[in-house]
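Novice: I'm passing along data.pdb; it holds PDB, C-alpha atoms and all ligand atoms.
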ATOM      1  CA  MET X  12      29.813  10.622   7.430
ATOM      2  CA  LYS X  13      27.243   8.371   9.095
ATOM      3  CA  ARG X  14      23.612   8.650   8.001
ATOM      4  CA  LYS X  15      20.899   9.251  10.581
ATOM      5  CA  ILE X  16      18.260   6.534  10.313
ATOM      6  CA  LEU X  17      14.954   6.266  12.171
ATOM      7  CA  PHE X  18      12.898   3.061  12.353
ATOM      8  CA  VAL X  19       9.173   3.838  12.743
ATOM      9  CA  ILE X  20       7.679   0.651  14.161
ATOM     10  CA  ASN X  21       3.947  -0.160  14.071
ATOM     11  CA  PRO X  22       3.395  -2.529  17.022
ATOM     12  CA  ILE X  23       0.084  -3.941  15.683
ATOM     13  CA  SER X  24       0.736  -4.439  11.937
ATOM     14  CA  GLY X  25       0.564  -7.997  10.650
ATOM     15  CA  GLY X  26      -0.516  -9.154  14.107
ATOM     16  CA  LYS X  27       3.131  -9.852  14.959
ATOM     17  CA  THR X  28       4.990  -8.703  18.063
ATOM     18  CA  LYS X  29       7.942  -6.388  17.428
ATOM     19  CA  TYR X  30       9.134  -5.480  20.890
ATOM     20  CA  ASN X  31      12.441  -7.269  20.306
ATOM     21  CA  PHE X  32      12.964  -5.499  16.975
ATOM     22  CA  PRO X  33      15.300  -2.766  18.352
ATOM     23  CA  GLU X  34      17.649  -5.555  19.560
ATOM     24  CA  LYS X  35      17.812  -6.875  16.005
ATOM     25  CA  ILE X  36      18.737  -3.401  14.774
ATOM     26  CA  ASP X  37      21.560  -3.333  17.341
ATOM     27  CA  LYS X  38      22.758  -6.680  16.125
ATOM     28  CA  TYR X  39      22.403  -6.503  12.327
ATOM     29  CA  LEU X  40      22.457  -2.835  11.233
ATOM     30  CA  ASP X  41      25.905  -1.701  10.034
ATOM     31  CA  LYS X  42      27.011   0.800  12.738
ATOM     32  CA  SER X  43      29.839   2.093  10.536
ATOM     33  CA  LYS X  44      27.223   3.513   8.139
ATOM     34  CA  PHE X  45      24.310   4.519  10.372
ATOM     35  CA  ASP X  46      23.352   6.262  13.601
ATOM     36  CA  SER X  47      20.033   4.612  14.390
ATOM     37  CA  GLU X  48      16.995   5.203  16.558
ATOM     38  CA  CYS X  49      13.725   3.293  16.937
ATOM     39  CA  VAL X  50      10.302   4.651  17.783
ATOM     40  CA  PHE X  51       6.923   2.871  18.145
ATOM     41  CA  THR X  52       3.707   4.328  16.723
ATOM     42  CA  GLU X  53       0.902   4.691  19.262
ATOM     43  CA  TYR X  54      -2.138   5.350  17.064
ATOM     44  CA  HIS X  55      -3.338   5.632  13.471
ATOM     45  CA  GLY X  56      -1.643   8.649  11.839
ATOM     46  CA  HIS X  57       1.202   8.803  14.375
ATOM     47  CA  GLY X  58       3.690   7.492  11.775
ATOM     48  CA  SER X  59       3.259  10.652   9.680
ATOM     49  CA  LEU X  60       3.792  12.943  12.686
ATOM     50  CA  LEU X  61       6.925  11.051  13.734
ATOM     51  CA  ALA X  62       8.264  11.073  10.176
ATOM     52  CA  ALA X  63       7.643  14.815   9.718
ATOM     53  CA  GLU X  64       9.380  15.591  13.018
ATOM     54  CA  ALA X  65      12.355  13.401  12.106
ATOM     55  CA  LEU X  66      12.757  15.153   8.745
ATOM     56  CA  ARG X  67      12.743  18.539  10.517
ATOM     57  CA  ASN X  68      15.477  17.179  12.810
ATOM     58  CA  GLY X  69      17.746  16.184   9.930
ATOM     59  CA  VAL X  70      17.135  12.426   9.763
ATOM     60  CA  ASP X  71      18.381  11.081   6.390
ATOM     61  CA  ILE X  72      16.547   7.757   6.192
ATOM     62  CA  LEU X  73      13.093   6.836   7.510
ATOM     63  CA  VAL X  74      12.256   3.163   7.693
ATOM     64  CA  ALA X  75       8.673   1.953   8.085
ATOM     65  CA  VAL X  76       8.536  -1.249  10.123
ATOM     66  CA  GLY X  77       5.061  -2.521   9.320
ATOM     67  CA  GLY X  78       2.744  -3.019   6.372
ATOM     68  CA  ASP X  79       1.532  -0.823   3.530
ATOM     69  CA  GLY X  80      -0.454   1.439   5.889
ATOM     70  CA  THR X  81       2.637   2.228   7.950
ATOM     71  CA  ILE X  82       4.650   2.774   4.765
ATOM     72  CA  ASN X  83       1.948   5.150   3.538
ATOM     73  CA  GLU X  84       2.161   7.293   6.684
ATOM     74  CA  VAL X  85       5.951   7.541   6.580
ATOM     75  CA  ALA X  86       6.346   7.779   2.792
ATOM     76  CA  SER X  87       3.740  10.556   2.578
ATOM     77  CA  GLU X  88       6.290  12.742   4.411
ATOM     78  CA  VAL X  89       9.412  11.491   2.581
ATOM     79  CA  GLU X  90       7.876  11.717  -0.920
ATOM     80  CA  GLY X  91       9.047  14.746  -2.880
ATOM     81  CA  THR X  92      12.136  15.271  -0.676
ATOM     82  CA  ASN X  93      15.702  14.076  -1.317
ATOM     83  CA  LYS X  94      15.576  11.833   1.790
ATOM     84  CA  LEU X  95      15.445   8.040   1.681
ATOM     85  CA  MET X  96      12.712   5.619   2.637
ATOM     86  CA  GLY X  97      13.270   2.036   3.784
ATOM     87  CA  ILE X  98      10.907  -0.851   4.556
ATOM     88  CA  ILE X  99      11.090  -3.712   7.026
ATOM     89  CA  PRO X 100       8.043  -5.762   5.969
ATOM     90  CA  PHE X 101       5.902  -6.599   8.984
ATOM     91  CA  GLY X 102       2.382  -6.252   7.587
ATOM     92  CA  SER X 103      -0.495  -8.542   6.757
ATOM     93  CA  GLY X 104       0.134  -8.362   3.011
ATOM     94  CA  ASN X 105       3.374  -6.415   2.409
ATOM     95  CA  GLY X 106       2.369  -5.534  -1.150
ATOM     96  CA  LEU X 107       4.926  -2.783  -1.769
ATOM     97  CA  ALA X 108       7.824  -4.631  -0.114
ATOM     98  CA  ARG X 109       7.121  -7.749  -2.176
ATOM     99  CA  SER X 110       6.895  -5.707  -5.387
ATOM    100  CA  LEU X 111      10.267  -4.124  -4.600
ATOM    101  CA  GLY X 112      11.889  -7.499  -3.881
ATOM    102  CA  ILE X 113      12.593  -6.603  -0.253
ATOM    103  CA  PRO X 114      13.104  -9.790   1.815
ATOM    104  CA  ILE X 115      10.140 -10.592   4.074
ATOM    105  CA  GLY X 116      12.287 -11.773   7.027
ATOM    106  CA  ASP X 117      13.265  -8.885   9.332
ATOM    107  CA  VAL X 118      16.955  -9.851   9.684
ATOM    108  CA  GLN X 119      17.384 -10.171   5.914
ATOM    109  CA  ALA X 120      15.548  -6.877   5.375
ATOM    110  CA  ILE X 121      17.864  -5.103   7.854
ATOM    111  CA  LYS X 122      20.915  -6.519   6.086
ATOM    112  CA  ARG X 123      19.491  -5.271   2.786
ATOM    113  CA  ILE X 124      19.306  -1.727   4.184
ATOM    114  CA  ASN X 125      23.055  -1.972   4.919
ATOM    115  CA  LYS X 126      23.649  -2.189   1.155
ATOM    116  CA  LEU X 127      22.101   1.281   0.592
ATOM    117  CA  HIS X 128      20.725   0.328  -2.824
ATOM    118  CA  ILE X 129      18.432   3.164  -3.933
ATOM    119  CA  SER X 130      15.583   3.123  -6.495
ATOM    120  CA  LYS X 131      13.097   5.808  -7.445
ATOM    121  CA  ILE X 132       9.402   4.920  -7.592
ATOM    122  CA  ASP X 133       6.214   6.703  -8.626
ATOM    123  CA  SER X 134       3.560   7.676  -6.122
ATOM    124  CA  GLY X 135      -0.158   8.269  -6.551
ATOM    125  CA  THR X 136      -2.416  11.083  -5.393
ATOM    126  CA  PHE X 137      -6.076  10.536  -4.535
ATOM    127  CA  ASN X 138      -8.186  13.606  -3.699
ATOM    128  CA  GLY X 139      -5.092  15.238  -2.188
ATOM    129  CA  ARG X 140      -3.881  12.204  -0.225
ATOM    130  CA  LYS X 141      -0.997  10.004  -1.313
ATOM    131  CA  PHE X 142      -0.680   6.295  -2.016
ATOM    132  CA  PHE X 143       2.279   4.182  -2.948
ATOM    133  CA  ASN X 144       1.123   0.643  -3.624
ATOM    134  CA  MET X 145      -2.604   0.412  -4.345
ATOM    135  CA  ALA X 146      -5.789   2.427  -3.973
ATOM    136  CA  GLY X 147      -9.314   1.265  -4.571
ATOM    137  CA  ILE X 148     -13.031   1.837  -4.486
ATOM    138  CA  GLY X 149     -15.958  -0.543  -4.316
ATOM    139  CA  PHE X 150     -15.515  -4.023  -2.920
ATOM    140  CA  ASP X 151     -11.843  -3.741  -1.916
ATOM    141  CA  ALA X 152     -12.490  -0.472  -0.050
ATOM    142  CA  GLN X 153     -15.388  -2.195   1.743
ATOM    143  CA  ILE X 154     -13.035  -5.012   2.778
ATOM    144  CA  SER X 155     -10.463  -2.484   4.043
ATOM    145  CA  SER X 156     -13.129  -0.851   6.224
ATOM    146  CA  ARG X 157     -14.125  -4.206   7.721
ATOM    147  CA  PHE X 158     -10.475  -5.165   8.206
ATOM    148  CA  ALA X 159      -9.733  -1.882  10.008
ATOM    149  CA  GLU X 160     -12.558  -2.628  12.481
ATOM    150  CA  ASN X 161     -11.268  -6.153  13.036
ATOM    151  CA  VAL X 162      -9.130  -6.821  16.107
ATOM    152  CA  LYS X 163      -7.245  -9.706  14.525
ATOM    153  CA  ARG X 164      -4.897  -8.793  11.631
ATOM    154  CA  GLY X 165      -3.030 -11.062   9.239
ATOM    155  CA  LEU X 166      -3.806 -12.859   5.984
ATOM    156  CA  SER X 167      -6.374 -15.310   7.379
ATOM    157  CA  SER X 168      -8.580 -12.470   8.725
ATOM    158  CA  TYR X 169      -8.401 -10.751   5.359
ATOM    159  CA  VAL X 170      -9.449 -13.854   3.440
ATOM    160  CA  LYS X 171     -12.272 -14.577   5.904
ATOM    161  CA  ILE X 172     -13.684 -11.045   5.548
ATOM    162  CA  ALA X 173     -13.421 -11.101   1.722
ATOM    163  CA  PHE X 174     -15.295 -14.407   1.411
ATOM    164  CA  SER X 175     -17.999 -13.396   3.903
ATOM    165  CA  GLU X 176     -18.600  -9.972   2.252
ATOM    166  CA  VAL X 177     -18.514 -10.977  -1.414
ATOM    167  CA  SER X 178     -22.108 -12.231  -1.582
ATOM    168  CA  ASN X 179     -23.500  -9.048   0.086
ATOM    169  CA  TYR X 180     -21.689  -6.464  -2.028
ATOM    170  CA  HIS X 181     -23.415  -4.991  -5.095
ATOM    171  CA  SER X 182     -21.688  -3.449  -8.087
ATOM    172  CA  GLN X 183     -22.033   0.309  -8.705
ATOM    173  CA  HIS X 184     -22.065   2.602 -11.704
ATOM    174  CA  TYR X 185     -18.949   4.686 -12.366
ATOM    175  CA  SER X 186     -18.086   7.352 -14.952
ATOM    176  CA  LEU X 187     -14.360   7.549 -15.617
ATOM    177  CA  THR X 188     -12.199   9.987 -17.516
ATOM    178  CA  ILE X 189      -8.724   8.578 -18.090
ATOM    179  CA  ASP X 190      -6.285  10.966 -19.760
ATOM    180  CA  GLY X 191      -9.203  12.729 -21.459
ATOM    181  CA  LYS X 192     -10.996   9.584 -22.682
ATOM    182  CA  GLU X 193     -14.418   8.804 -21.197
ATOM    183  CA  TYR X 194     -15.720   5.433 -20.015
ATOM    184  CA  GLU X 195     -18.944   4.289 -18.340
ATOM    185  CA  HIS X 196     -18.819   1.110 -16.288
ATOM    186  CA  GLN X 197     -20.842  -0.951 -13.912
ATOM    187  CA  ALA X 198     -18.111  -2.262 -11.592
ATOM    188  CA  PHE X 199     -17.721  -4.453  -8.550
ATOM    189  CA  MET X 200     -14.520  -2.635  -7.707
ATOM    190  CA  ILE X 201     -11.956  -0.360  -9.289
ATOM    191  CA  SER X 202      -8.366  -0.729  -8.111
ATOM    192  CA  ILE X 203      -5.738   1.852  -8.960
ATOM    193  CA  ALA X 204      -2.489  -0.066  -9.073
ATOM    194  CA  ASN X 205       0.945   1.487  -8.735
ATOM    195  CA  SER X 206       2.530  -1.908  -8.076
ATOM    196  CA  SER X 207       1.066  -5.116  -9.444
ATOM    197  CA  GLN X 208      -0.201  -6.579  -6.180
ATOM    198  CA  TYR X 209      -2.408  -6.045  -3.127
ATOM    199  CA  GLY X 210      -0.035  -8.097  -0.999
ATOM    200  CA  ASN X 211       0.642 -11.778  -0.313
ATOM    201  CA  ASN X 212       1.486 -12.105  -4.039
ATOM    202  CA  ALA X 213      -2.142 -11.494  -5.089
ATOM    203  CA  HIS X 214      -1.575  -9.619  -8.365
ATOM    204  CA  ILE X 215      -4.490  -7.581  -9.719
ATOM    205  CA  SER X 216      -2.455  -6.047 -12.556
ATOM    206  CA  PRO X 217       0.393  -8.435 -13.409
ATOM    207  CA  PHE X 218       2.345  -5.982 -15.600
ATOM    208  CA  ALA X 219       2.058  -2.844 -13.435
ATOM    209  CA  SER X 220       5.381  -1.077 -12.900
ATOM    210  CA  LEU X 221       6.389   1.082  -9.937
ATOM    211  CA  ASN X 222       8.500   3.363 -12.103
ATOM    212  CA  ASP X 223       6.740   3.753 -15.468
ATOM    213  CA  GLY X 224       5.071   7.061 -14.561
ATOM    214  CA  MET X 225       1.659   5.426 -15.025
ATOM    215  CA  LEU X 226      -1.135   3.980 -12.907
ATOM    216  CA  ASP X 227      -3.088   0.865 -13.884
ATOM    217  CA  ILE X 228      -6.839   1.316 -13.521
ATOM    218  CA  CYS X 229      -8.272  -2.166 -12.968
ATOM    219  CA  ILE X 230     -12.030  -2.353 -13.470
ATOM    220  CA  LEU X 231     -13.638  -5.519 -12.155
ATOM    221  CA  LYS X 232     -17.049  -5.875 -13.816
ATOM    222  CA  PRO X 233     -20.003  -7.676 -12.241
ATOM    223  CA  PHE X 234     -19.389 -11.426 -12.217
ATOM    224  CA  PRO X 235     -21.339 -14.505 -11.163
ATOM    225  CA  LEU X 236     -20.495 -15.425  -7.574
ATOM    226  CA  TYR X 237     -19.258 -18.898  -8.502
ATOM    227  CA  ILE X 238     -16.409 -17.217 -10.474
ATOM    228  CA  PHE X 239     -14.967 -15.534  -7.334
ATOM    229  CA  PRO X 240     -12.560 -18.357  -6.299
ATOM    230  CA  ALA X 241     -11.296 -18.546  -9.900
ATOM    231  CA  LEU X 242     -10.707 -14.766  -9.921
ATOM    232  CA  VAL X 243      -8.726 -15.045  -6.690
ATOM    233  CA  LEU X 244      -6.718 -17.895  -8.186
ATOM    234  CA  ARG X 245      -5.964 -15.759 -11.255
ATOM    235  CA  MET X 246      -4.433 -13.138  -8.942
ATOM    236  CA  PHE X 247      -2.002 -15.681  -7.501
ATOM    237  CA  ARG X 248      -1.232 -17.034 -10.978
ATOM    238  CA  LYS X 249      -0.729 -13.529 -12.445
ATOM    239  CA  THR X 250      -3.375 -14.116 -15.131
ATOM    240  CA  THR X 251      -6.070 -11.539 -14.244
ATOM    241  CA  HIS X 252      -5.421  -9.757 -17.566
ATOM    242  CA  LYS X 253      -6.888 -12.828 -19.313
ATOM    243  CA  SER X 254     -10.180 -12.636 -17.393
ATOM    244  CA  ASN X 255     -13.274 -11.443 -19.277
ATOM    245  CA  TYR X 256     -14.381  -9.675 -16.097
ATOM    246  CA  LEU X 257     -11.334  -7.438 -15.648
ATOM    247  CA  GLU X 258     -10.359  -4.487 -17.817
ATOM    248  CA  ILE X 259      -7.011  -2.768 -17.220
ATOM    249  CA  ILE X 260      -6.418   0.733 -18.602
ATOM    250  CA  GLN X 261      -3.222   2.689 -17.998
ATOM    251  CA  GLY X 262      -3.370   6.388 -17.246
ATOM    252  CA  ARG X 263      -1.854   9.413 -15.559
ATOM    253  CA  LYS X 264      -4.835  11.611 -14.810
ATOM    254  CA  ILE X 265      -8.064   9.934 -13.771
ATOM    255  CA  ILE X 266     -11.394  11.349 -12.681
ATOM    256  CA  ILE X 267     -14.024   8.968 -11.365
ATOM    257  CA  THR X 268     -17.592   9.990 -10.583
ATOM    258  CA  ARG X 269     -19.663   7.546  -8.533
ATOM    259  CA  GLU X 270     -23.244   7.362  -7.273
ATOM    260  CA  SER X 271     -22.630   8.003  -3.585
ATOM    261  CA  SER X 272     -19.977   8.810  -0.981
ATOM    262  CA  ALA X 273     -18.261   5.726   0.439
ATOM    263  CA  ALA X 274     -14.939   4.366   1.587
ATOM    264  CA  VAL X 275     -11.806   4.593  -0.533
ATOM    265  CA  HIS X 276      -8.783   2.587   0.468
ATOM    266  CA  LEU X 277      -5.285   3.975   0.160
ATOM    267  CA  ASP X 278      -2.653   1.279   0.692
ATOM    268  CA  GLY X 279      -5.247  -0.786   2.552
ATOM    269  CA  ASP X 280      -6.417   1.892   4.990
ATOM    270  CA  PRO X 281      -9.994   3.199   4.538
ATOM    271  CA  PHE X 282     -10.962   6.880   4.146
ATOM    272  CA  ASN X 283     -14.430   8.267   3.503
ATOM    273  CA  MET X 284     -14.591  10.325   0.318
ATOM    274  CA  GLY X 285     -17.284  11.929  -1.815
ATOM    275  CA  THR X 286     -18.625  11.166  -5.275
ATOM    276  CA  ILE X 287     -15.921  12.872  -7.344
ATOM    277  CA  LEU X 288     -12.484  11.289  -7.138
ATOM    278  CA  SER X 289      -9.433  12.859  -8.703
ATOM    279  CA  ILE X 290      -6.385  10.626  -9.087
ATOM    280  CA  GLY X 291      -2.906  11.372 -10.405
ATOM    281  CA  VAL X 292       0.678  10.152 -10.449
ATOM    282  CA  ASN X 293       3.964  11.780  -9.394
ATOM    283  CA  PRO X 294       6.642   9.953 -11.390
ATOM    284  CA  HIS X 295       9.888   8.915  -9.621
ATOM    285  CA  SER X 296       8.990  10.959  -6.552
ATOM    286  CA  LEU X 297      10.097   8.593  -3.751
ATOM    287  CA  ASN X 298      13.671   7.429  -3.123
ATOM    288  CA  ILE X 299      13.430   3.956  -1.737
ATOM    289  CA  LEU X 300      15.980   1.421  -0.455
ATOM    290  CA  ASN X 301      15.461  -2.016  -1.987
TER     291      ASN X 301
HETATM  292  N1  LIG G 401      -0.231   1.718  18.075
HETATM  293  C1  LIG G 401      -1.174   1.584  17.142
HETATM  294  N2  LIG G 401      -2.417   1.145  17.489
HETATM  295  C2  LIG G 401      -3.378   0.967  16.558
HETATM  296  N3  LIG G 401      -3.193   1.208  15.213
HETATM  297  C3  LIG G 401      -1.991   1.652  14.832
HETATM  298  C4  LIG G 401      -0.911   1.852  15.756
HETATM  299  N4  LIG G 401       0.170   2.291  15.068
HETATM  300  C5  LIG G 401      -0.212   2.358  13.765
HETATM  301  N5  LIG G 401      -1.495   1.972  13.620
HETATM  302  C6  LIG G 401      -2.283   1.815  12.356
HETATM  303  O1  LIG G 401      -2.277   0.434  11.978
HETATM  304  C7  LIG G 401      -2.792   0.364  10.664
HETATM  305  C8  LIG G 401      -2.344  -0.880   9.943
HETATM  306  O2  LIG G 401      -0.986  -0.832   9.679
HETATM  307  P1  LIG G 401      -0.323  -1.585   8.443
HETATM  308  O3  LIG G 401      -1.072  -1.329   7.180
HETATM  309  O4  LIG G 401       1.107  -1.263   8.459
HETATM  310  O5  LIG G 401      -0.481  -3.140   8.825
HETATM  311  P2  LIG G 401      -1.353  -4.283   8.154
HETATM  312  O6  LIG G 401      -2.661  -3.731   7.712
HETATM  313  O7  LIG G 401      -1.368  -5.398   9.132
HETATM  314  O8  LIG G 401      -0.461  -4.722   6.906
HETATM  315  P3  LIG G 401      -0.686  -4.538   5.285
HETATM  316  O9  LIG G 401      -0.998  -3.106   5.036
HETATM  317  O10 LIG G 401       0.599  -4.987   4.672
HETATM  318  O11 LIG G 401      -1.827  -5.442   4.931
HETATM  319  C9  LIG G 401      -2.379   1.678  10.020
HETATM  320  O12 LIG G 401      -3.554   2.350   9.656
HETATM  321  C10 LIG G 401      -1.695   2.465  11.140
HETATM  322  O13 LIG G 401      -2.004   3.833  11.123
END
Represent the structure contained in this file as structure tokens.
Ligand SMILES: Nc1ncnc2c1ncn2[C@@H]1O[C@H](COP(=O)(O)OP(=O)(O)OP(=O)(O)O)[C@@H](O)[C@H]1O
Specialist:
Amino acid sequence: MKRKILFVINPISGGKTKYNFPEKIDKYLDKSKFDSECVFTEYHGHGSLLAAEALRNGVDILVAVGGDGTINEVASEVEGTNKLMGIIPFGSGNGLARSLGIPIGDVQAIKRINKLHISKIDSGTFNGRKFFNMAGIGFDAQISSRFAENVKRGLSSYVKIAFSEVSNYHSQHYSLTIDGKEYEHQAFMISIANSSQYGNNAHISPFASLNDGMLDICILKPFPLYIFPALVLRMFRKTTHKSNYLEIIQGRKIIITRESSAAVHLDGDPFNMGTILSIGVNPHSLNILN
């Protein structure tokens, strides 16, 4: 029997046009295996509504055509069900797709879906919301907020914002409880990594695994500004674990208390949250095509 598959397409992600994408589905998706439909998201949050409706209507596979934010909206509905999630990477960073080894070209990614190769990955929870690739507080959440306000997407905008904000941002004090053990830290940012990377092969936690049932809590301590380019370089070289400024602790249940309410980013999209942050992991809870 053919599987029903819905492509949820974010028209603005990655700053790339996708209006000819449905034609590519017609051309490259294996029609003997799938009955397909395409739908475009019209606003932030629409992906979740479309995904929930599709699941109610018996769709078997939901494919996010976009970046980590689009994946988050769709996967938040698929997670915990026996349905399948696919990704056509069309974001600015494509962190989760890259970590899963999904080809970045759309035609290759469609052909990969034809193979129906399924893996199970962990997902994270953050004050009741879900994340699948990376969450964070401090500097990287600040960058996500600026990026969300920015009209132009893509890697170059991201880099520009990061370099212009780094000298203005001040580290904060955080109290952490990780699996019952307490830590106090002054930190520039704290990233909670499910996969190893933010996107664009910038790896904050080189050994993070999507299916180990654990999250990697990456605490970036205050550092002299002149070190920043070297820290960025370490991410691309997968050597952040050797930096004196980064501490990585694995955990399943994390509570973070911070000084004031501020943005949190979940898969690159900013949300305002309070001072107490409760983070957890749902092992092997998302069936994903890779
Ligand atoms: N039609 C739309 N207009 C404006 N925003 C939209 C629309 N559809 C979806 N969005 C929002 O666009 C945001 C960015 O999407 P996404 O994260 O997929 O792309 P990206 O940020 O360019 O890539 P990445 O996350 O890989 O860096 C998401 O928050 C999503 O909710």
Novice: Excluding X:Ser24 and residues on its chain fewer than 4 positions from it, collect all residues at most 9 Å away from it, counting only C-alpha atoms, and give them as a list in words.
Specialist: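 Final neighbour list, sorted by chain and number: Ile20, Thr28, Val76, Gly77, Gly78, Gly80, Thr81, Phe101, Gly102, Ser103, Arg164 and Gly165 of chain X.
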Novice: Counting only C-alpha atoms and all ligand atoms, give me one row per residue of chain X with an atom at most 10 Å from an atom of ligand LIG 401 (chain G), showing the shortest contact pair and its distance in Å to one decimal, sorted by chain then residue number, as a Markdown table.
Specialist:
| residue | atom | partner | partner_atom | distance |
| --- | --- | --- | --- | --- |
| X:Val19 | CA | G:LIG401 | N4 | 9.4 |
| X:Ile20 | CA | G:LIG401 | N4 | 7.7 |
| X:Asn21 | CA | G:LIG401 | N4 | 4.6 |
| X:Pro22 | CA | G:LIG401 | N1 | 5.7 |
| X:Ile23 | CA | G:LIG401 | C1 | 5.9 |
| X:Ser24 | CA | G:LIG401 | O5 | 3.6 |
| X:Gly25 | CA | G:LIG401 | O7 | 3.6 |
| X:Gly26 | CA | G:LIG401 | O7 | 6.3 |
| X:Lys27 | CA | G:LIG401 | O7 | 8.6 |
| X:Phe51 | CA | G:LIG401 | N1 | 7.2 |
| X:Thr52 | CA | G:LIG401 | N4 | 4.4 |
| X:Glu53 | CA | G:LIG401 | N1 | 3.4 |
| X:Tyr54 | CA | G:LIG401 | C1 | 3.9 |
| X:His55 | CA | G:LIG401 | O13 | 3.2 |
| X:Gly56 | CA | G:LIG401 | O13 | 4.9 |
| X:His57 | CA | G:LIG401 | C5 | 6.6 |
| X:Gly58 | CA | G:LIG401 | C5 | 6.7 |
| X:Ser59 | CA | G:LIG401 | O13 | 8.7 |
| X:Ala75 | CA | G:LIG401 | O4 | 8.2 |
| X:Val76 | CA | G:LIG401 | O4 | 7.6 |
| X:Gly77 | CA | G:LIG401 | O4 | 4.2 |
| X:Gly78 | CA | G:LIG401 | O4 | 3.2 |
| X:Asp79 | CA | G:LIG401 | O9 | 3.7 |
| X:Gly80 | CA | G:LIG401 | O3 | 3.1 |
| X:Thr81 | CA | G:LIG401 | O4 | 3.8 |
| X:Ile82 | CA | G:LIG401 | O4 | 6.5 |
| X:Asn83 | CA | G:LIG401 | O3 | 8.0 |
| X:Glu84 | CA | G:LIG401 | O13 | 7.0 |
| X:Val85 | CA | G:LIG401 | O13 | 9.9 |
| X:Pro100 | CA | G:LIG401 | O10 | 7.6 |
| X:Phe101 | CA | G:LIG401 | O8 | 7.0 |
| X:Gly102 | CA | G:LIG401 | O8 | 3.3 |
| X:Ser103 | CA | G:LIG401 | O8 | 3.8 |
| X:Gly104 | CA | G:LIG401 | O10 | 3.8 |
| X:Asn105 | CA | G:LIG401 | O10 | 3.9 |
| X:Gly106 | CA | G:LIG401 | O10 | 6.1 |
| X:Leu107 | CA | G:LIG401 | O10 | 8.1 |
| X:Ala108 | CA | G:LIG401 | O10 | 8.7 |
| X:Arg109 | CA | G:LIG401 | O10 | 9.9 |
| X:Asn144 | CA | G:LIG401 | O9 | 9.7 |
| X:Ser155 | CA | G:LIG401 | O6 | 8.7 |
| X:Phe158 | CA | G:LIG401 | O6 | 8.0 |
| X:Ala159 | CA | G:LIG401 | C7 | 7.3 |
| X:Val162 | CA | G:LIG401 | C2 | 9.7 |
| X:Lys163 | CA | G:LIG401 | O7 | 9.1 |
| X:Arg164 | CA | G:LIG401 | O7 | 5.5 |
| X:Gly165 | CA | G:LIG401 | O7 | 5.9 |
| X:Leu166 | CA | G:LIG401 | O11 | 7.7 |
| X:Tyr169 | CA | G:LIG401 | O11 | 8.5 |
| X:Tyr209 | CA | G:LIG401 | O11 | 8.1 |
| X:Gly210 | CA | G:LIG401 | O10 | 6.5 |
| X:Asn211 | CA | G:LIG401 | O10 | 8.4 |
| X:Leu277 | CA | G:LIG401 | O9 | 9.6 |
| X:Asp278 | CA | G:LIG401 | O9 | 6.4 |
| X:Gly279 | CA | G:LIG401 | O9 | 5.4 |
| X:Asp280 | CA | G:LIG401 | O12 | 5.5 |
| X:Pro281 | CA | G:LIG401 | O12 | 8.3 |
Novice: For the atom pair atom CA of X:Cys229 and atom CA of X:Ser182, what is the interatomic distance in Å to one decimal place?
Specialist: 14.3 Å
Novice: Enumerate, as a list in words, the residues matched when the PyMOL selection byres (((chain X and resi 253-262) around 8) and not hetatm) is run on the file above.
Specialist: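 Here the PyMOL selection byres (((chain X and resi 253-262) around 8) and not hetatm) matches Ile189, Asp190, Ser216, Met225, Leu226, Asp227, Ile228, Cys229, Ile230, Leu231, Lys232, Pro233, Phe234, Leu242, Thr250, Thr251, His252, Arg263, Lys264 and Ile265 of chain X.
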Novice: Atom CA of X:Pro217 to atom CA of X:Ala146: how many Å, to one decimal?
Specialist: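 Between atom CA of X:Pro217 and atom CA of X:Ala146 the gap is 15.7 Å.
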Novice: Which one of X:Leu66, X:Val50, X:Ile267, X:Val292 sits closest to X:Asn205 if you count all atoms listed in the file?
Specialist: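 Looking only at the distances to X:Asn205, the closest residue turns out to be X:Val292.
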Novice: Per residue of stretch 123-221 of chain X within 12 Å of stretch 35-39 of chain X, note the shortest atom pair and the distance in Å to one decimal, counting all atoms listed in the file, and order the rows by chain and increasing residue number, as JSON lines.
Specialist:
{"residue": "X:Arg123", "atom": "CA", "partner": "X:Tyr39", "partner_atom": "CA", "distance": 10.1}
{"residue": "X:Ile124", "atom": "CA", "partner": "X:Tyr39", "partner_atom": "CA", "distance": 9.9}
{"residue": "X:Asn125", "atom": "CA", "partner": "X:Tyr39", "partner_atom": "CA", "distance": 8.7}
Novice: How would stretch 106-111 of chain X look with N, CA and C atoms restored, written as a PDB file, in the frame of the given file?
Specialist:
ATOM      1  N   GLY X 106       2.428  -5.657   0.306  1.00  0.00           N
ATOM      2  CA  GLY X 106       2.369  -5.534  -1.150  1.00  0.00           C
ATOM      3  C   GLY X 106       3.547  -4.768  -1.732  1.00  0.00           C
ATOM      4  N   LEU X 107       3.858  -3.594  -1.177  1.00  0.00           N
ATOM      5  CA  LEU X 107       4.926  -2.783  -1.769  1.00  0.00           C
ATOM      6  C   LEU X 107       6.290  -3.451  -1.577  1.00  0.00           C
ATOM      7  N   ALA X 108       6.541  -3.976  -0.381  1.00  0.00           N
ATOM      8  CA  ALA X 108       7.824  -4.631  -0.114  1.00  0.00           C
ATOM      9  C   ALA X 108       8.040  -5.798  -1.078  1.00  0.00           C
ATOM     10  N   ARG X 109       6.992  -6.599  -1.273  1.00  0.00           N
ATOM     11  CA  ARG X 109       7.121  -7.749  -2.176  1.00  0.00           C
ATOM     12  C   ARG X 109       7.386  -7.271  -3.598  1.00  0.00           C
ATOM     13  N   SER X 110       6.706  -6.207  -4.021  1.00  0.00           N
ATOM     14  CA  SER X 110       6.895  -5.707  -5.387  1.00  0.00           C
ATOM     15  C   SER X 110       8.307  -5.171  -5.593  1.00  0.00           C
ATOM     16  N   LEU X 111       8.902  -4.674  -4.509  1.00  0.00           N
ATOM     17  CA  LEU X 111      10.267  -4.124  -4.600  1.00  0.00           C
ATOM     18  C   LEU X 111      11.335  -5.194  -4.399  1.00  0.00           C
TER      19      LEU X 111
END
